[in-house]
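Have a look at the structure below before the remarks.
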Amino acid sequence: MHECCSVEDAQVWGDVLAQAVTGELVGALNYEALAELYDDVGEKAEALEHAAGERAHAAMFSAAGRDLGIEVTVNLQAQYWKRIRSAFLARAQAADLVDCILAQEVMLESFAVASYQVAAAAAPGRLGSTFGRIAAEEAEHVAHAIEMLQAERARDPGGFDASVYRVHGQVMPALAEMIAREDPSGYCGLCKGNCVKASLRRVGLRLSDVRGASLRRYLQTLDEIGVPGELSLGWVAQLPL
Amino acid sequence: MLDFALIVHSETWSGAAAVISALRGPDRPPIPFEDVREIIPWIPPRALCRVSVESAKGHRVHGLCIDCFIPPDRLEGTFLRENLARVRQAAAYAIRERARIVSLGGFSSILLEGKMDILPQHPETAFTTGNTLTVALIVRGIERALDLGGRELSESNVLIVGASGDVGSGCARCLAPKVRRLLLCARNPDRLRRFASEFSGLRIPVEAGTDLLKLAPKADVVICAASATRPIEMLQALPPGAIVCDAGYPKNFPPGCAPQGGAVFFGGHAQASAGIRLDPDLLGVIYPYPLPNVAHACLLEGIALALEKRFEPFSVGRGSITPARVDEIWRIADGHGIGLPPLFNREGLVSVPPMAQELHR
């Protein structure tokens with residue numbers, strides 16, 4: 001057991017880590033699919049590096065769980081992650097590279113960066129630094145996407161914004177439900193006991209901070225790409241919060 | 001390039017929730033109130049809607065309404081640093097959008113206390129607090145109210161709450177030569193004393209003090225240019241038939257409150273007769289008033305200047321509003337059909353009862 005963490009606290013962190021590990025593995029699969037869509041060899045290699053990075057993150061989170069005496073659950077069929085993966089796969093099957101980048105590198109990574117930063121501030125010792133380090137690496141993925149998507153938007157602002165809205169509608173509702181006050185669709189498929197949301201406060205985490213920071217990061221990323229603020233605000237307001 | 005930008009924020013949580021609900025659309029259930037309270041503080045300043053305004057002369061200007069998302073329960077000094085950061089971010093947003101003139105609505109200009117240099121600067125973007133047009137609309141609102149009640153300004157004892165502030169001092173300068181007696185109230189005694197000395201050459205009596213409840217019984221017209229410390233007690237202390245212009249931010253009085261035989265109306269609003277259009281159409285949500293095309297005068301100052309193609313920092317600093325500048329901005333606004341709406345408050349249109357003989361002192 002971790003020196004600064006009770007058994008009860010470790011169980012809470014175990015459930016949080018289950019979301020993180022599963023999300024990283026979904027990310028790895030998504031990057032592998034993305035690699036298939038690139039013609040450019042350099043971009044293909046980079047996507048595969050990102051996929052390997054996501055697997056490494058999953059391994060780091062699992063190791064952090066073992067430090068706490070917890071075997072972290074992994075379930076790629078967990079309902080929210082399954083919906084997100086399906087949405088991504090549909091865009092990959094349509095061979096829509098931009099849509100796939102939007103889903104993985106803008107939406108999922110923005111969510112990851114923000115929620116890991118919140119966890120890093122609350123988690124004890126090495127667990128906190130693990131969350132912090134991985135958040136910083138995920139932020140690099142977002143930055144990589146922003147540059148490419150700015151150029152994409154400059155070519156056709158209206159068409160690009162319509163694509164973002166479409167992908168937003170396929171990916172973001174599942175993420176929003178995942179971090180909603182209550183699970184609107186029932187058991188998430190990852191918590192070992194009762195829903196962890198009710199217990200987050202005992203480890204210094206606030207669900208409202210996770211929700212707020214995630215939405216803020218997402219909006220800021222869209223701002224940097226150049227999506228008009230009034231559009232992104234309207235999209236976020238329409239989420240099942 | 002945009003003609004103008006308006007920096008705004010919600011005054012109440014119910015107002016903020018109404019905006020979010022409107023953005024969600026009628027087919028989605030409203031977000032629970034507690035979720036709105038949790039999420040708003042995280043939203044970075046951003047455009048809320050596009051705005052276009054037509055002038056009575058047929059000109060049209062286009063702009064952006066930028067919400068700085070100051071949480072309504074943080075409109076106080078404790079959150080000064082956080083709120084200033086939000087206003088600066090909103091100003092940077094306006095510059096990024098290449099707005100030629102930016103009006104600082106509501107609390108955003110109050111926070112700055114005239115120190116416009118706190119804002120990011122750009123040679124092609126001018127900032128105005130909008131306070132000069134606010135003063136113009138308050139003064140004309142008082143004149144209209146007295147006219148409706150069959151009363152004379154020259155026979156009125158006018159109390160100004162927040163008299164040493166930018167709007168309050170502007171109102172005092174405009175009204176001083178026209179009233180029977182001027183009563184000035186403010187929280188900072190030194191600043192108030194300095195300001196009151198401006199009127200030493202006038203023939204009318206001028207009384208200044210920090211105790212609102214001592215001054216209120218002597219007034220038959222009140223302008224709340226700021227938040228009053230004890231607004232309900234002030235209303236109770238007023239003589240019967242008193243007229244109150246509530247131009248405070250946030251508003252001072254809950255619905256249904258008025259002096260006996262008197263009236264409370266909202267001051268500092270203007271109406272753009274040729275139309276204000278918002279996309280998405282949030283005007284009725286932001287201003288749930290009984291009149292169309294009404295908005296805060298401070299916002300409409302920037303729009304009037306844009307219609308006039310005067311992209312200049314018309315209202316800056318603190319305490320420098322003069323009657324000549326008030327007349328100037330009034331002429332500009334009036335020329336474009338931006339003027340005084342019928343008197344109203346949260347409950348609807350306001351009628352001013354004639355002063356009954358037995359109530360008149």
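Just remember, in the structure tokens the first chain shown is A, the second B, etc., residues are 1-based per chain, and ligands are 1-based in the order shown.
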Check: which chain A residues lie within 12 Å of chain B using only C-alpha atoms, as a PyMOL selection string = chain A and resi 114+179-182+206-224+226-241
Residue contacts of region 233-244 of chain B (8 Å, only C-alpha atoms) excluding same-chain residues fewer than 3 positions away, as a PyMOL selection string = chain B and resi 145+212-213+216-224+230+257-265+352-353+355-356+359-360
Which of region 15-210 of chain B counts as alpha helix (DSSP H) under DSSP, as an MDAnalysis selection string please?
-> chainID B and resid 15:24 33:39 80:96 107:112 131:148 166:175 189:196
To one decimal in Å, tell me the separation between CA of Ala174 (chain A) and CA of Trp81 (chain A).
->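 According to the coordinates, CA of Ala174 (chain A) and CA of Trp81 (chain A) are separated by 7.8 Å.
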Hey, could you make a per-residue contact list for region 72-178 of chain A against region 195-203 of chain A with 12 Å as the cut-off, showing the nearest pair of atoms and its distance in Å to one decimal, counting only C-alpha atoms, sorted by chain and number, as a tab-separated table?
residue	atom	partner	partner_atom	distance
A:Val118	CA	A:Leu200	CA	11.7
A:Ala119	CA	A:Val203	CA	9.6
A:Ala120	CA	A:Val203	CA	11.5
A:Ala121	CA	A:Val203	CA	10.8
A:Ala122	CA	A:Val203	CA	7.0
A:Ala123	CA	A:Val203	CA	7.4
A:Pro124	CA	A:Val203	CA	8.9
A:Gly128	CA	A:Val203	CA	11.7
A:Met178	CA	A:Lys197	CA	10.0
List every residue of region 240-346 of chain B that DSSP, applied to the backbone, labels as strand (DSSP E), and write the result as a list in words.
-> Ile243, Val244, Cys245, Asp246, Ala263, Val264, Phe265, Phe266, His269, Ala270, Gln271, Ala272, Ile276, Arg277, Leu278, Asp279, Val294, Ala295, His296, Ile338, Gly339, Phe344 and Asn345 of chain B
Please produce an output containing N, CA and C atoms for each residue in the selection, written as an mmCIF file, in the first residue's frame.
data_model
loop_
_atom_site.group_PDB
_atom_site.id
_atom_site.type_symbol
_atom_site.label_atom_id
_atom_site.label_comp_id
_atom_site.auth_asym_id
_atom_site.auth_seq_id
_atom_site.Cartn_x
_atom_site.Cartn_y
_atom_site.Cartn_z
ATOM 1 N N ILE B 243 -39.248 59.841 -6.614
ATOM 2 C CA ILE B 243 -38.934 59.122 -7.854
ATOM 3 C C ILE B 243 -37.503 58.601 -7.746
ATOM 4 N N VAL B 244 -37.323 57.306 -8.055
ATOM 5 C CA VAL B 244 -35.995 56.703 -7.919
ATOM 6 C C VAL B 244 -35.561 56.122 -9.261
ATOM 7 N N CYS B 245 -34.380 56.522 -9.704
ATOM 8 C CA CYS B 245 -33.788 55.958 -10.913
ATOM 9 C C CYS B 245 -32.720 54.956 -10.465
ATOM 10 N N ASP B 246 -32.971 53.691 -10.717
ATOM 11 C CA ASP B 246 -32.009 52.660 -10.298
ATOM 12 C C ASP B 246 -31.056 52.362 -11.463
ATOM 13 N N ALA B 263 -42.192 56.149 -7.596
ATOM 14 C CA ALA B 263 -41.880 55.168 -8.637
ATOM 15 C C ALA B 263 -40.386 54.837 -8.639
ATOM 16 N N VAL B 264 -40.085 53.605 -9.046
ATOM 17 C CA VAL B 264 -38.693 53.197 -9.271
ATOM 18 C C VAL B 264 -38.577 52.767 -10.726
ATOM 19 N N PHE B 265 -37.661 53.344 -11.454
ATOM 20 C CA PHE B 265 -37.443 52.884 -12.842
ATOM 21 C C PHE B 265 -35.956 52.621 -13.057
ATOM 22 N N PHE B 266 -35.688 51.791 -14.067
ATOM 23 C CA PHE B 266 -34.302 51.467 -14.402
ATOM 24 C C PHE B 266 -33.704 52.632 -15.195
ATOM 25 N N HIS B 269 -30.425 52.884 -19.531
ATOM 26 C CA HIS B 269 -30.684 52.025 -20.688
ATOM 27 C C HIS B 269 -31.076 52.893 -21.879
ATOM 28 N N ALA B 270 -30.799 52.370 -23.048
ATOM 29 C CA ALA B 270 -31.165 53.102 -24.260
ATOM 30 C C ALA B 270 -31.873 52.160 -25.222
ATOM 31 N N GLN B 271 -32.586 52.742 -26.155
ATOM 32 C CA GLN B 271 -33.324 51.953 -27.146
ATOM 33 C C GLN B 271 -32.839 52.355 -28.542
ATOM 34 N N ALA B 272 -32.476 51.351 -29.319
ATOM 35 C CA ALA B 272 -32.050 51.613 -30.699
ATOM 36 C C ALA B 272 -33.274 51.412 -31.579
ATOM 37 N N ILE B 276 -31.827 46.195 -33.054
ATOM 38 C CA ILE B 276 -30.598 45.484 -32.673
ATOM 39 C C ILE B 276 -30.871 44.022 -32.982
ATOM 40 N N ARG B 277 -29.970 43.405 -33.739
ATOM 41 C CA ARG B 277 -30.161 41.985 -34.047
ATOM 42 C C ARG B 277 -28.980 41.181 -33.517
ATOM 43 N N LEU B 278 -29.313 40.095 -32.809
ATOM 44 C CA LEU B 278 -28.274 39.214 -32.268
ATOM 45 C C LEU B 278 -28.385 37.851 -32.936
ATOM 46 N N ASP B 279 -27.247 37.242 -33.225
ATOM 47 C CA ASP B 279 -27.225 35.904 -33.813
ATOM 48 C C ASP B 279 -26.231 35.031 -33.034
ATOM 49 N N VAL B 294 -33.769 47.247 -26.503
ATOM 50 C CA VAL B 294 -33.236 47.996 -25.359
ATOM 51 C C VAL B 294 -31.963 47.312 -24.867
ATOM 52 N N ALA B 295 -30.963 48.117 -24.532
ATOM 53 C CA ALA B 295 -29.718 47.580 -23.974
ATOM 54 C C ALA B 295 -29.102 48.636 -23.066
ATOM 55 N N HIS B 296 -28.077 48.225 -22.332
ATOM 56 C CA HIS B 296 -27.388 49.201 -21.483
ATOM 57 C C HIS B 296 -26.791 50.307 -22.356
ATOM 58 N N ILE B 338 -30.792 56.264 -31.423
ATOM 59 C CA ILE B 338 -30.547 55.625 -30.114
ATOM 60 C C ILE B 338 -30.943 56.633 -29.046
ATOM 61 N N GLY B 339 -31.983 56.301 -28.304
ATOM 62 C CA GLY B 339 -32.497 57.288 -27.361
ATOM 63 C C GLY B 339 -33.110 56.671 -26.133
ATOM 64 N N PHE B 344 -39.204 52.024 -17.509
ATOM 65 C CA PHE B 344 -39.585 50.646 -17.186
ATOM 66 C C PHE B 344 -38.732 50.161 -16.024
ATOM 67 N N ASN B 345 -39.183 49.057 -15.450
ATOM 68 C CA ASN B 345 -38.353 48.328 -14.503
ATOM 69 C C ASN B 345 -38.599 46.828 -14.714
#
